[in-house]
Structures are given as structure tokens and as C-alpha cells.
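Everything below belongs to input34.txt, which stores compact mmCIF, C-alpha atoms and all ligand atoms.
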# COMPACT_ATOMS: atom_id res chain seq x y z
CA MET A 1322 -78.15 104.54 -106.89
CA THR A 1323 -77.82 101.72 -104.42
CA ALA A 1324 -80.58 99.14 -104.02
CA THR A 1325 -83.40 99.49 -101.48
CA TYR A 1326 -85.62 96.81 -99.89
CA THR A 1327 -88.26 97.73 -102.47
CA ASP A 1328 -85.83 97.35 -105.42
CA LEU A 1329 -85.08 93.85 -104.18
CA GLY A 1330 -88.74 92.97 -103.81
CA VAL A 1331 -88.35 92.57 -100.05
CA ARG A 1332 -91.39 93.72 -98.11
CA ARG A 1333 -91.29 96.06 -95.15
CA VAL A 1334 -92.49 94.69 -91.81
CA ILE A 1335 -94.32 96.49 -89.01
CA ASN A 1336 -93.14 94.66 -85.92
CA ALA A 1337 -95.93 94.16 -83.36
CA ASN A 1338 -94.18 90.99 -82.23
CA ALA A 1339 -90.80 91.38 -80.47
CA THR A 1340 -87.12 92.24 -81.02
CA LEU A 1341 -86.63 89.04 -83.00
CA THR A 1342 -83.49 88.50 -85.06
CA ALA A 1343 -85.68 87.03 -87.80
CA LEU A 1344 -87.43 90.41 -88.12
CA GLY A 1345 -84.27 92.50 -87.98
CA GLY A 1346 -83.79 92.80 -84.21
CA SER A 1347 -84.50 96.44 -83.51
CA LEU A 1348 -84.17 99.86 -85.17
CA MET A 1349 -81.15 102.02 -84.41
CA PRO A 1350 -81.73 105.63 -83.32
CA GLN A 1351 -80.03 108.37 -85.42
CA PRO A 1352 -77.14 109.00 -82.97
CA VAL A 1353 -76.22 105.31 -83.17
CA LEU A 1354 -76.14 105.45 -86.97
CA GLU A 1355 -74.06 108.64 -86.76
CA ALA A 1356 -71.58 106.96 -84.39
CA MET A 1357 -71.24 104.08 -86.85
CA ARG A 1358 -70.81 106.39 -89.80
CA ALA A 1359 -68.12 108.38 -87.97
CA ALA A 1360 -66.37 105.13 -87.00
CA SER A 1361 -66.26 104.10 -90.65
CA THR A 1362 -64.18 107.13 -91.68
CA SER A 1363 -60.85 106.07 -90.16
CA PHE A 1364 -58.65 103.05 -89.55
CA VAL A 1365 -57.91 102.26 -85.89
CA ASP A 1366 -56.00 99.67 -83.88
CA MET A 1367 -58.83 97.27 -83.11
CA PHE A 1368 -57.25 95.94 -79.91
CA GLU A 1369 -57.00 99.48 -78.62
CA LEU A 1370 -60.56 100.36 -79.69
CA GLN A 1371 -62.06 97.19 -78.16
CA ARG A 1372 -60.25 97.94 -74.87
CA ALA A 1373 -61.37 101.58 -74.77
CA VAL A 1374 -65.00 100.89 -75.71
CA SER A 1375 -65.14 98.00 -73.25
CA ALA A 1376 -63.77 100.10 -70.40
CA ARG A 1377 -66.42 102.75 -71.07
CA LEU A 1378 -69.19 100.15 -71.30
CA ALA A 1379 -68.07 98.54 -68.06
CA GLN A 1380 -68.27 101.90 -66.31
CA LEU A 1381 -71.70 102.72 -67.80
CA THR A 1382 -73.13 99.34 -66.78
CA ARG A 1383 -71.48 99.33 -63.32
CA ASN A 1384 -69.41 96.25 -64.06
CA GLU A 1385 -65.71 95.59 -63.58
CA ALA A 1386 -65.19 94.70 -67.22
CA ALA A 1387 -66.93 94.34 -70.57
CA LEU A 1388 -66.35 92.91 -74.03
CA VAL A 1389 -68.25 93.66 -77.23
CA THR A 1390 -69.12 90.72 -79.47
CA CYS A 1391 -71.22 90.42 -82.63
CA GLY A 1392 -74.27 89.26 -80.66
CA ALA A 1393 -75.32 87.61 -77.44
CA SER A 1394 -74.83 84.20 -79.09
CA ALA A 1395 -71.23 85.14 -79.87
CA GLY A 1396 -70.94 86.35 -76.28
CA LEU A 1397 -72.04 82.94 -75.02
CA LEU A 1398 -69.50 81.32 -77.33
CA VAL A 1399 -66.52 83.30 -76.04
CA ALA A 1400 -67.79 82.96 -72.45
CA ALA A 1401 -67.90 79.19 -72.80
CA LEU A 1402 -64.46 79.07 -74.45
CA GLY A 1403 -63.08 81.32 -71.73
CA ALA A 1404 -64.54 79.16 -68.97
CA MET A 1405 -62.72 76.12 -70.40
CA THR A 1406 -59.27 77.70 -70.59
CA GLY A 1407 -59.15 80.63 -68.19
CA ARG A 1408 -55.93 82.48 -69.00
CA ASP A 1409 -53.91 79.25 -69.21
CA HIS A 1410 -51.98 79.41 -72.48
CA LEU A 1411 -51.23 75.70 -72.47
CA LEU A 1412 -54.96 74.95 -72.37
CA LEU A 1413 -55.56 77.62 -75.00
CA GLY A 1414 -53.01 75.97 -77.31
CA ARG A 1415 -54.47 72.54 -76.70
CA LEU A 1416 -57.97 73.82 -77.49
CA LEU A 1417 -56.86 75.36 -80.79
CA GLU A 1418 -54.98 72.22 -81.80
CA HIS A 1419 -57.28 69.44 -80.62
CA GLY A 1420 -60.66 70.96 -79.67
CA ALA A 1421 -62.55 71.16 -76.40
CA ARG A 1422 -62.58 67.42 -75.69
CA ALA A 1423 -58.80 67.56 -75.12
CA LEU A 1424 -59.36 69.88 -72.15
CA PRO A 1425 -59.98 68.64 -68.60
CA ARG A 1426 -63.03 70.89 -68.19
CA HIS A 1427 -65.14 70.68 -71.33
CA ARG A 1428 -68.65 70.13 -70.00
CA ILE A 1429 -71.21 72.78 -69.14
CA VAL A 1430 -74.20 72.48 -66.79
CA MET A 1431 -77.66 73.75 -67.71
CA HIS A 1432 -81.08 73.35 -66.16
CA ARG A 1433 -83.27 71.22 -68.43
CA ALA A 1434 -85.85 74.00 -67.99
CA HIS A 1435 -83.30 76.46 -69.42
CA ARG A 1436 -82.59 74.57 -72.65
CA ILE A 1437 -83.11 77.11 -75.45
CA PRO A 1438 -82.36 77.11 -79.18
CA TYR A 1439 -79.28 79.32 -78.58
CA ASP A 1440 -77.52 76.75 -76.38
CA ASN A 1441 -76.14 74.96 -79.45
CA VAL A 1442 -73.21 77.43 -79.31
CA PHE A 1443 -71.87 75.27 -76.48
CA THR A 1444 -71.87 72.26 -78.78
CA LEU A 1445 -70.19 74.44 -81.40
CA ALA A 1446 -67.51 75.24 -78.81
CA GLY A 1447 -66.96 71.48 -78.59
CA MET A 1448 -68.56 71.13 -75.16
CA GLN A 1449 -71.00 68.63 -73.80
CA ILE A 1450 -74.13 69.96 -72.08
CA VAL A 1451 -74.96 68.28 -68.77
CA GLU A 1452 -78.63 68.75 -67.83
CA ILE A 1453 -79.94 69.06 -64.30
CA GLY A 1454 -83.57 68.89 -63.19
CA ASN A 1455 -86.59 68.35 -65.40
CA ALA A 1456 -89.27 70.45 -67.03
CA ILE A 1457 -91.10 70.92 -63.71
CA GLN A 1458 -88.47 71.29 -61.01
CA THR A 1459 -84.78 71.16 -60.08
CA HIS A 1460 -83.21 70.19 -56.77
CA ARG A 1461 -80.12 71.75 -55.28
CA TRP A 1462 -78.48 68.35 -54.88
CA GLU A 1463 -78.76 67.78 -58.63
CA LEU A 1464 -76.51 70.78 -59.23
CA GLU A 1465 -74.15 69.70 -56.45
CA ALA A 1466 -73.91 66.19 -57.91
CA ALA A 1467 -73.26 67.50 -61.44
CA LEU A 1468 -70.27 69.66 -60.46
CA ASP A 1469 -67.37 67.27 -60.94
CA ASP A 1470 -63.90 68.15 -62.27
CA SER A 1471 -65.06 68.06 -65.88
CA ILE A 1472 -67.37 71.06 -65.52
CA ALA A 1473 -66.18 74.37 -67.01
CA ALA A 1474 -69.21 76.49 -66.06
CA VAL A 1475 -72.87 76.60 -65.14
CA VAL A 1476 -75.13 78.51 -67.52
CA HIS A 1477 -78.18 80.26 -66.12
CA VAL A 1478 -80.80 81.60 -68.53
CA ALA A 1479 -82.47 84.66 -66.98
CA GLY A 1480 -86.15 85.45 -67.40
CA ALA A 1481 -89.32 85.30 -65.31
CA HIS A 1482 -90.86 82.91 -67.87
CA LEU A 1483 -88.16 80.28 -67.16
CA ALA A 1484 -87.78 80.72 -63.41
CA ASN A 1485 -90.30 78.28 -61.92
CA ALA A 1486 -88.63 74.99 -62.74
CA ALA A 1487 -85.08 76.17 -62.01
CA LEU A 1488 -82.94 77.01 -59.00
CA THR A 1489 -82.59 80.73 -58.32
CA LEU A 1490 -79.44 82.50 -59.57
CA ASP A 1491 -78.45 83.06 -55.92
CA GLU A 1492 -78.55 79.33 -55.27
CA VAL A 1493 -76.66 78.53 -58.48
CA VAL A 1494 -73.92 81.04 -57.63
CA GLN A 1495 -73.62 79.73 -54.09
CA VAL A 1496 -73.29 76.08 -55.12
CA ALA A 1497 -71.10 76.69 -58.20
CA HIS A 1498 -68.71 79.07 -56.45
CA GLY A 1499 -68.47 76.56 -53.60
CA ARG A 1500 -66.75 74.34 -56.20
CA ALA A 1501 -64.89 77.21 -57.88
CA VAL A 1502 -67.01 76.83 -61.02
CA PRO A 1503 -67.91 80.08 -62.83
CA VAL A 1504 -71.51 81.07 -63.62
CA ILE A 1505 -72.53 82.47 -67.02
CA VAL A 1506 -75.90 84.24 -67.29
CA ASP A 1507 -77.69 84.47 -70.63
CA ALA A 1508 -79.67 87.69 -70.21
CA ALA A 1509 -79.82 88.43 -73.95
CA ALA A 1510 -83.37 89.80 -73.96
CA GLN A 1511 -83.68 90.78 -70.28
CA LEU A 1512 -84.01 94.56 -70.67
CA PRO A 1513 -85.79 96.51 -69.27
CA PRO A 1514 -85.42 96.94 -66.32
CA ARG A 1515 -82.16 98.82 -66.64
CA GLU A 1516 -80.89 97.45 -63.29
CA ASN A 1517 -80.47 94.09 -65.00
CA LEU A 1518 -77.27 95.46 -66.58
CA TRP A 1519 -75.63 95.22 -63.15
CA ARG A 1520 -78.01 93.08 -61.06
CA PHE A 1521 -76.79 89.65 -62.20
CA THR A 1522 -73.12 90.49 -61.68
CA GLU A 1523 -74.00 91.93 -58.27
CA GLN A 1524 -75.62 88.58 -57.49
CA GLY A 1525 -72.27 86.95 -58.22
CA ALA A 1526 -72.50 85.87 -61.86
CA ASP A 1527 -69.01 85.83 -63.43
CA LEU A 1528 -70.19 86.63 -66.96
CA VAL A 1529 -73.50 88.08 -68.17
CA VAL A 1530 -74.44 88.30 -71.82
CA PHE A 1531 -76.84 90.83 -73.40
CA SER A 1532 -77.89 91.33 -76.99
CA GLY A 1533 -77.00 94.73 -78.47
CA GLY A 1534 -79.56 94.37 -81.24
CA LYS A 1535 -82.65 93.96 -79.11
CA GLU A 1536 -83.94 96.44 -76.49
CA LEU A 1537 -80.64 98.38 -76.45
CA ARG A 1538 -81.26 99.32 -80.11
CA GLY A 1539 -77.62 98.99 -81.04
CA PRO A 1540 -76.37 97.34 -84.26
CA GLN A 1541 -78.24 94.08 -84.91
CA ALA A 1542 -74.89 92.28 -85.00
CA SER A 1543 -73.70 93.38 -81.56
CA GLY A 1544 -73.69 91.92 -78.10
CA LEU A 1545 -72.31 92.71 -74.69
CA VAL A 1546 -70.41 90.47 -72.30
CA LEU A 1547 -70.23 91.94 -68.79
CA GLY A 1548 -68.54 90.58 -65.70
CA SER A 1549 -65.55 90.44 -63.45
CA GLN A 1550 -62.15 91.61 -64.67
CA GLU A 1551 -60.88 88.07 -64.33
CA ALA A 1552 -63.67 86.31 -66.25
CA VAL A 1553 -63.85 88.88 -69.05
CA SER A 1554 -60.09 88.54 -69.53
CA TRP A 1555 -60.61 84.82 -70.30
CA CYS A 1556 -63.11 85.74 -73.02
CA GLU A 1557 -60.88 88.39 -74.61
CA LEU A 1558 -58.25 85.75 -75.33
CA HIS A 1559 -60.68 83.89 -77.58
CA ALA A 1560 -62.41 86.82 -79.27
CA ALA A 1561 -61.42 88.73 -82.42
CA PRO A 1562 -59.15 90.41 -83.33
CA HIS A 1563 -57.26 87.36 -81.97
CA GLN A 1564 -57.20 84.57 -84.54
CA ARG A 1565 -58.71 81.93 -82.29
CA PHE A 1566 -62.06 80.15 -82.00
CA GLY A 1567 -63.97 83.37 -81.43
CA ARG A 1568 -62.59 84.88 -84.65
CA PRO A 1569 -65.58 84.00 -86.89
CA ALA A 1570 -67.73 86.03 -84.45
CA LYS A 1571 -65.74 89.23 -85.00
CA VAL A 1572 -67.10 92.67 -84.33
CA GLY A 1573 -66.18 95.70 -86.46
CA LYS A 1574 -65.25 99.23 -85.46
CA GLU A 1575 -68.73 100.41 -86.52
CA GLU A 1576 -70.48 97.92 -84.21
CA LEU A 1577 -68.16 98.81 -81.34
CA MET A 1578 -68.90 102.54 -81.60
CA GLY A 1579 -72.57 101.92 -82.43
CA LEU A 1580 -73.15 99.74 -79.38
CA LEU A 1581 -71.41 102.25 -77.13
CA ALA A 1582 -73.67 105.04 -78.44
CA ALA A 1583 -76.72 102.81 -78.04
CA VAL A 1584 -75.94 101.97 -74.41
CA GLU A 1585 -75.27 105.64 -73.60
CA LEU A 1586 -78.59 106.67 -75.17
CA TRP A 1587 -80.52 103.82 -73.61
CA LEU A 1588 -79.33 104.60 -70.10
CA GLU A 1589 -80.41 108.24 -70.55
CA GLN A 1590 -83.81 107.27 -71.92
CA ASP A 1591 -86.94 108.03 -69.89
CA HIS A 1592 -87.90 104.40 -69.32
CA GLU A 1593 -91.05 105.31 -67.39
CA ALA A 1594 -92.36 107.39 -70.29
CA VAL A 1595 -91.66 104.52 -72.71
CA ALA A 1596 -93.48 102.05 -70.46
CA ALA A 1597 -96.39 104.49 -70.05
CA ARG A 1598 -96.84 104.80 -73.83
CA ILE A 1599 -96.88 101.01 -74.23
CA GLU A 1600 -99.39 100.67 -71.38
CA GLN A 1601 -101.71 103.33 -72.80
CA THR A 1602 -101.67 101.88 -76.30
CA THR A 1603 -102.26 98.37 -74.97
CA MET A 1604 -105.21 99.55 -72.88
CA ALA A 1605 -106.68 101.46 -75.84
CA TRP A 1606 -106.36 98.33 -78.03
CA VAL A 1607 -108.08 96.18 -75.41
CA LYS A 1608 -110.99 98.61 -75.33
CA ALA A 1609 -111.24 98.87 -79.13
CA PHE A 1610 -110.98 95.13 -79.78
CA SER A 1611 -113.64 94.22 -77.24
CA GLU A 1612 -116.13 95.53 -79.83
CA LEU A 1613 -115.17 92.81 -82.32
CA PRO A 1614 -117.73 89.96 -82.32
CA GLY A 1615 -116.51 87.07 -80.17
CA ALA A 1616 -113.09 88.65 -79.50
CA VAL A 1617 -111.60 88.40 -76.01
CA PRO A 1618 -108.80 90.95 -75.76
CA THR A 1619 -106.86 91.02 -72.49
CA TYR A 1620 -104.16 93.26 -71.06
CA GLU A 1621 -101.18 91.07 -70.14
CA PRO A 1622 -98.61 92.71 -67.85
CA CYS A 1623 -95.82 90.33 -68.84
CA GLY A 1624 -94.16 90.72 -72.24
CA GLU A 1625 -92.08 88.44 -74.45
CA ALA A 1626 -89.18 86.66 -72.65
CA GLY A 1627 -90.85 87.36 -69.29
CA ARG A 1628 -90.10 91.09 -69.40
CA PRO A 1629 -92.15 93.64 -67.44
CA LEU A 1630 -93.70 95.26 -70.52
CA PRO A 1631 -97.41 94.79 -71.24
CA ARG A 1632 -98.92 93.50 -74.46
CA MET A 1633 -102.38 92.49 -75.62
CA ARG A 1634 -103.56 88.92 -75.97
CA LEU A 1635 -106.36 88.74 -78.50
CA ALA A 1636 -108.29 85.47 -78.23
CA TRP A 1637 -111.39 84.26 -80.06
CA PRO A 1638 -113.67 81.23 -79.71
CA ALA A 1639 -112.65 78.09 -81.64
CA GLN A 1640 -116.17 78.01 -83.15
CA LEU A 1641 -115.27 81.00 -85.29
CA GLY A 1642 -113.32 78.43 -87.29
CA PHE A 1643 -109.99 80.19 -87.95
CA THR A 1644 -106.64 79.70 -86.22
CA SER A 1645 -103.84 81.99 -85.13
CA THR A 1646 -101.77 80.68 -88.06
CA GLN A 1647 -104.46 81.84 -90.50
CA MET A 1648 -104.59 85.18 -88.72
CA ILE A 1649 -100.79 85.57 -89.02
CA GLU A 1650 -100.96 84.60 -92.71
CA ALA A 1651 -103.70 87.16 -93.34
CA LEU A 1652 -101.58 89.88 -91.71
CA ALA A 1653 -98.62 88.88 -93.89
CA ALA A 1654 -100.62 89.03 -97.13
CA ASP A 1655 -100.11 92.77 -97.66
CA GLU A 1656 -97.27 95.24 -97.68
CA PRO A 1657 -96.18 96.25 -95.14
CA VAL A 1658 -96.44 92.89 -93.41
CA VAL A 1659 -97.83 93.15 -89.88
CA GLU A 1660 -96.02 90.69 -87.61
CA VAL A 1661 -97.71 89.39 -84.46
CA ALA A 1662 -97.03 86.26 -82.40
CA ALA A 1663 -99.24 83.19 -81.98
CA ALA A 1664 -100.53 82.71 -78.44
CA GLY A 1665 -101.89 79.19 -78.81
CA THR A 1666 -104.31 78.01 -81.52
CA HIS A 1667 -106.97 80.71 -81.21
CA ALA A 1668 -105.14 83.79 -79.95
CA ILE A 1669 -102.32 86.16 -80.86
CA TRP A 1670 -99.99 88.48 -78.94
CA ILE A 1671 -99.81 92.08 -80.11
CA SER A 1672 -97.08 94.33 -78.73
CA ALA A 1673 -96.86 98.11 -78.99
CA GLU A 1674 -93.25 98.15 -77.84
CA LEU A 1675 -91.57 98.68 -81.21
CA LEU A 1676 -94.24 100.75 -82.96
CA THR A 1677 -94.43 104.41 -83.89
CA PRO A 1678 -97.78 106.16 -83.21
CA GLU A 1679 -98.74 105.78 -86.90
CA GLU A 1680 -97.84 102.11 -86.83
CA GLU A 1681 -99.95 101.57 -83.69
CA GLN A 1682 -102.89 102.81 -85.75
CA ILE A 1683 -102.05 100.67 -88.78
CA VAL A 1684 -101.64 97.54 -86.64
CA ALA A 1685 -105.02 98.10 -84.98
CA GLU A 1686 -106.74 98.62 -88.36
CA ARG A 1687 -105.08 95.66 -90.05
CA VAL A 1688 -105.74 93.23 -87.19
CA TYR A 1689 -109.32 94.47 -86.95
CA ALA A 1690 -109.87 93.99 -90.69
CA ALA A 1691 -108.16 90.58 -90.81
CA TYR A 1692 -110.23 89.34 -87.89
CA ALA A 1693 -113.48 90.57 -89.39
CA ALA A 1694 -112.66 89.03 -92.81
CA LEU A 1695 -111.66 85.65 -91.33
CA ALA A 1696 -114.74 85.57 -89.11
CA ARG A 1697 -116.96 86.26 -92.15
CA ARG A 1698 -115.23 83.72 -94.39
CA PHE A 1699 -115.37 80.90 -91.88
CA GLY A 1700 -118.86 81.95 -90.69
CA ARG A 1701 -120.17 81.38 -94.26
CA ASN A 1702 -118.56 77.95 -94.56
CA SER A 1703 -120.03 76.56 -91.36
C1 LIG A 1801 -81.82 86.68 -78.57
C2 LIG A 1801 -81.23 85.72 -77.63
C3 LIG A 1801 -79.92 85.25 -77.82
C4 LIG A 1801 -79.08 85.64 -79.01
O1 LIG A 1801 -78.84 87.00 -79.07
P1 LIG A 1801 -78.13 87.64 -80.38
O2 LIG A 1801 -77.69 88.98 -79.93
O3 LIG A 1801 -79.19 87.70 -81.42
O4 LIG A 1801 -77.02 86.76 -80.76
C5 LIG A 1801 -79.41 84.38 -76.89
N1 LIG A 1801 -80.13 83.98 -75.82
C6 LIG A 1801 -81.38 84.41 -75.60
C7 LIG A 1801 -82.13 83.95 -74.38
C8 LIG A 1801 -81.99 85.30 -76.50
O5 LIG A 1801 -83.23 85.74 -76.29

Will you turn the file into C-alpha cells for me?
Ligand SMILES: *Cc1c(COP(=O)(O)O)cnc(C)c1O
Amino acid sequence: MTATYTDLGVRRVINANATLTALGGSLMPQPVLEAMRAASTSFVDMFELQRAVSARLAQLTRNEAALVTCGASAGLLVAALGAMTGRDHLLLGRLLEHGARALPRHRIVMHRAHRIPYDNVFTLAGMQIVEIGNAIQTHRWELEAALDDSIAAVVHVAGAHLANAALTLDEVVQVAHGRAVPVIVDAAAQLPPRENLWRFTEQGADLVVFSGGKELRGPQASGLVLGSQEAVSWCELHAAPHQRFGRPAKVGKEELMGLLAAVELWLEQDHEAVAARIEQTTMAWVKAFSELPGAVPTYEPCGEAGRPLPRMRLAWPAQLGFTSTQMIEALAADEPVVEVAAAGTHAIWISAELLTPEEEQIVAERVYAAYAALARRFGRNS
């Protein structure tokens, strides 16, 4: 018998938070698992398989070309490496021998408002990040001024939650392409809507990166680089199975076939029905939680990472004496752990997106009970 989570003493989690890597990303549907199992039964030429899967993925996502990586982070890594070298084998050789700083273009432009924890892959690639704008706003001239001959690419992080302080993607593409600088879009968590799989490339982005282990429900260690034939061909030169800088981010035959199955399934999915279920559950929660003393549940149309999926914000008055951290700890005290997100000091986000109908019920009961217990405990102390 092989070990299970329980054998190892690792607790199961009900994920009312988001498709976070730290919680296991997402759950693969049966056909994805079957595609991975079937892939594991035979050796293949990995160059041939990567090319065939990529061609199919490009077609499905209405892009010229595609490349599968072991995550969106890995996708950003090979995109950045590709932007530095293009298909120039002299530059490629120089990079492998001496690192990015030996290349003429080894800097990458980002909006300050787009700085995210994932952007350290650019530093890993040996690049220097050049920031434009500030936390509040960015001017077009700041991008124009930044684009000197040392710039390999501009990175744009997609998402309604990051848009206000940054230039639009249209503006970025216009200015960057005016200087023949490619644009890389990090759209890792920007699904749904399904149009996003082709929208950013239609807007002129050269490379767009999605996570395979989030909304797409592919293998947790998979990611998708989409873009023009030209730009994707730069990335391929760096990625496994080549033994170059992208090699530590290799993807296996199982992930390749699993991600392809996941994208096929996801594109066929009834996205309106999925959204309707999430809306209904969220509305039912809001109604139920308004009966809790002091609780202020609200229906929020915008989900995690600025996506158009609703979730509930459950707030309570500070006078009740307990914080969101204590609430999260209380929900983690039992098995299965119920994971929610903090929404400030006295509120939490609860999302129905990743829950089964039974789990929706369990989450409601556990949050209800934790709230009531905390309110009683702190009520007695005050
Ligand atoms: C999740 C995420 C990533 C990393 O994606 P992985 O597939 O887990 O590597 C990168 N950028 C953003 C904005 C993300 O949300």
C-alpha cells in the first residue's frame, strides 16, 4: 500500500480561498488524470511531443504558437530569457557562458504598480528590473524614457485589481513596439473569461503566460506560454528538453498531455452555469450570515486577482474583539481545515469557486460556528 495524506499526518483542506499554489493549486478532473496516466505508459520523443501538444494548444487558444512549461513562473522565466536572446545563437552561447549581464539587452521594464512576488524570476534570469511609475499612477513618457537599448522586454501584469495605476496594455504595446521591444503579459490567474486566452495576443502582446494549475485545472506543475510564432520560438530555445537555462523548469510527458486535456475540457465547459452556481451560493451565504449577531456579509462581484467571479466578504465590528487572523486560525483548528482569506483586520473573503455542494455546506457551518464561538469568547472577556 502506498501512503496517503492521512498516513503522513497531513490534513485535508477545503479551499474557500483561491487557486493558490500553497493550497495545491486546483483539482484535476478525471479525464485530465486519465490523460496523464495514459501518457505515463510509453516513452516518446519529448521534442516531438512538445511540438505536437503546443501546436494543438495554439489552435485551441487561437494563438499562432504555444509552449508548455512547468508553471506560469517557468513561463515567465523562458519568456524573459527568450526576449534577451531572440534566436541569435551567439547571444544564446554568451548567456550560457557568462550570464545575462554579458548581453546587450538584459534589463526588463515593469510598472511599479505591477511588482508582484513572482517577478523575482527576472532576477533569477540575471536581469535587472527597471521600474516605471509609482503606486498611484504611471505616465506614458516614463515608459518612453525607459526604453533604451538595454531593454529586452516590457512585462505587463494583467488584472483589473492592478489596472488603475498602470498604463493600459494597448498603450504599452504601442510604445514598446514603436521601439521594437517585445511585450510579455503575465496573465497567470486571469481566467475566466475564456476570451483572455486570445485577447492579450490580439491586443499585440508577443508572449502571454497562464498557469495550468489554477482555473484551467490542469496539473499543478504546468503552465502555458502563448504568442506569436516568432516570440514563442525564442522561448523554445531555452526550455527543456534543451539543456539550457530553462532546463530546471522542465515539463514531463504527463504534464504535457494533462494540460492539453485540461484546456480541451475547460474550453468545452459551460462557463455560465459555473458562474451561476457560484453566484447562487454566494447570495445564499450572504442571506444566511446576515443572521449572525454583528456580522456584515456582502456580495462582492469581483473575485481574487480581479477576476469576474463573485465571493462573499464577511465583516464584523472591531468591538467584537477578534481579528481575521483569529478567525482563520479557528477554521484551521480542525480536520479538514477550512481555508479562507483575510480581508483586512475584521473581515474575511469566502469563495464558493472551488467547492463541491457538500463543501459549500461544510464551509457555511464551520464559519458560522467559528464566528459564534469567537464572539462568545471575546464577549465574555470584555
Ligand atoms: C500564480 C501566479 C504566477 C505563478 O503561476 P504558477 O503556474 O504557479 O507558476 C505568476 N504570476 C501571477 C500573477 C500569478 O497569479

* **Which residue of A:Val1572, A:Ile1450, A:Ile1671, A:Ile1472 approaches A:Ala1337 most closely, using all atoms listed in the file** =>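 Once distances to A:Ala1337 are computed over all atoms listed in the file, the minimum belongs to A:Ile1671.
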
* Asked: Given the choices A:Met1405, A:Asp1328, A:Thr1340, A:Leu1581, which gets closest to A:Ala1373 if the distance is worked out from all atoms listed in the file?
  ->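 Nearest to A:Ala1373: A:Leu1581.
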
Listed atoms of stretch 1434-1438 of chain A, axis-aligned box, 6 Å per side: centre and edge lengths to one decimal in Å, as AutoDock Vina command-line options?
--center_x -84.1 --center_y 75.6 --center_z -73.6 --size_x 15.5 --size_y 15.1 --size_z 23.2

* Structure fact -> Expressed in Å, the length from atom CA of A:Leu1547 to atom O3 of ligand LIG 1801 (chain A) is 16.1 Å

* **Expected answer as a ChimeraX atom specification: residues within 10 Å of ligand LIG 1801 (chain A), all atoms listed in the file** => /A:1340-1343,1345-1346,1390-1398,1435-1440,1442,1477-1480,1506-1511,1530-1535,1540-1545,1625-1626

A:Gly1642 surroundings by all atoms listed in the file, 8 Å radius, close-in-sequence under 3 positions cut, as a compact mmCIF listing (two decimals) with C-alpha atoms, keeping the file's coordinate frame:
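In the end it all went to part11.txt:
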# COMPACT_ATOMS: atom_id res chain seq x y z
CA ALA A 1639 -112.65 78.09 -81.64
CA ALA A 1696 -114.74 85.57 -89.11
CA PHE A 1699 -115.37 80.90 -91.88
CA GLY A 1700 -118.86 81.95 -90.69

Generate the missing atoms of stretch 1510-1516 of chain A up to all heavy atoms and report them as a PDB file, in the coordinates of the input.
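Contents of the output file out36.pdb:
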ATOM      1  N   ALA A1510     -82.178  88.962 -73.715  1.00  0.00           N
ATOM      2  CA  ALA A1510     -83.370  89.800 -73.960  1.00  0.00           C
ATOM      3  C   ALA A1510     -83.944  90.353 -72.659  1.00  0.00           C
ATOM      4  O   ALA A1510     -85.101  90.738 -72.612  1.00  0.00           O
ATOM      5  CB  ALA A1510     -84.417  88.971 -74.708  1.00  0.00           C
ATOM      6  N   GLN A1511     -83.133  90.409 -71.593  1.00  0.00           N
ATOM      7  CA  GLN A1511     -83.680  90.780 -70.280  1.00  0.00           C
ATOM      8  C   GLN A1511     -83.550  92.275 -69.960  1.00  0.00           C
ATOM      9  O   GLN A1511     -83.110  92.663 -68.881  1.00  0.00           O
ATOM     10  CB  GLN A1511     -83.039  89.914 -69.188  1.00  0.00           C
ATOM     11  CG  GLN A1511     -83.394  88.440 -69.318  1.00  0.00           C
ATOM     12  CD  GLN A1511     -84.904  88.200 -69.336  1.00  0.00           C
ATOM     13  OE1 GLN A1511     -85.615  88.699 -68.488  1.00  0.00           O
ATOM     14  NE2 GLN A1511     -85.385  87.449 -70.312  1.00  0.00           N
ATOM     15  N   LEU A1512     -83.928  93.118 -70.902  1.00  0.00           N
ATOM     16  CA  LEU A1512     -84.010  94.560 -70.670  1.00  0.00           C
ATOM     17  C   LEU A1512     -85.335  95.052 -71.242  1.00  0.00           C
ATOM     18  O   LEU A1512     -85.700  94.594 -72.329  1.00  0.00           O
ATOM     19  CB  LEU A1512     -82.858  95.284 -71.372  1.00  0.00           C
ATOM     20  CG  LEU A1512     -81.441  94.945 -70.882  1.00  0.00           C
ATOM     21  CD1 LEU A1512     -80.405  95.581 -71.801  1.00  0.00           C
ATOM     22  CD2 LEU A1512     -81.221  95.396 -69.446  1.00  0.00           C
ATOM     23  N   PRO A1513     -86.032  96.008 -70.603  1.00  0.00           N
ATOM     24  CA  PRO A1513     -85.790  96.510 -69.270  1.00  0.00           C
ATOM     25  C   PRO A1513     -86.057  95.449 -68.198  1.00  0.00           C
ATOM     26  O   PRO A1513     -86.501  94.377 -68.575  1.00  0.00           O
ATOM     27  CB  PRO A1513     -86.784  97.672 -69.170  1.00  0.00           C
ATOM     28  CG  PRO A1513     -87.916  97.290 -70.066  1.00  0.00           C
ATOM     29  CD  PRO A1513     -87.304  96.491 -71.168  1.00  0.00           C
ATOM     30  N   PRO A1514     -85.843  95.694 -66.928  1.00  0.00           N
ATOM     31  CA  PRO A1514     -85.420  96.940 -66.320  1.00  0.00           C
ATOM     32  C   PRO A1514     -83.920  97.181 -66.471  1.00  0.00           C
ATOM     33  O   PRO A1514     -83.149  96.244 -66.630  1.00  0.00           O
ATOM     34  CB  PRO A1514     -85.777  96.754 -64.845  1.00  0.00           C
ATOM     35  CG  PRO A1514     -85.627  95.284 -64.623  1.00  0.00           C
ATOM     36  CD  PRO A1514     -86.087  94.644 -65.915  1.00  0.00           C
ATOM     37  N   ARG A1515     -83.539  98.453 -66.390  1.00  0.00           N
ATOM     38  CA  ARG A1515     -82.160  98.820 -66.640  1.00  0.00           C
ATOM     39  C   ARG A1515     -81.205  98.248 -65.591  1.00  0.00           C
ATOM     40  O   ARG A1515     -80.044  97.986 -65.882  1.00  0.00           O
ATOM     41  CB  ARG A1515     -82.086 100.333 -66.787  1.00  0.00           C
ATOM     42  CG  ARG A1515     -81.315 101.106 -65.762  1.00  0.00           C
ATOM     43  CD  ARG A1515     -81.242 102.555 -66.091  1.00  0.00           C
ATOM     44  NE  ARG A1515     -82.496 103.233 -65.772  1.00  0.00           N
ATOM     45  CZ  ARG A1515     -82.779 104.483 -66.142  1.00  0.00           C
ATOM     46  NH1 ARG A1515     -81.920 105.163 -66.858  1.00  0.00           N
ATOM     47  NH2 ARG A1515     -83.915 105.035 -65.821  1.00  0.00           N
ATOM     48  N   GLU A1516     -81.722  98.014 -64.369  1.00  0.00           N
ATOM     49  CA  GLU A1516     -80.890  97.450 -63.290  1.00  0.00           C
ATOM     50  C   GLU A1516     -80.315  96.087 -63.674  1.00  0.00           C
ATOM     51  O   GLU A1516     -79.312  95.655 -63.110  1.00  0.00           O
ATOM     52  CB  GLU A1516     -81.680  97.269 -61.988  1.00  0.00           C
ATOM     53  CG  GLU A1516     -82.191  98.535 -61.355  1.00  0.00           C
ATOM     54  CD  GLU A1516     -83.386  99.102 -62.115  1.00  0.00           C
ATOM     55  OE1 GLU A1516     -84.312  98.349 -62.471  1.00  0.00           O
ATOM     56  OE2 GLU A1516     -83.369 100.311 -62.386  1.00  0.00           O
TER      57      GLU A1516
END
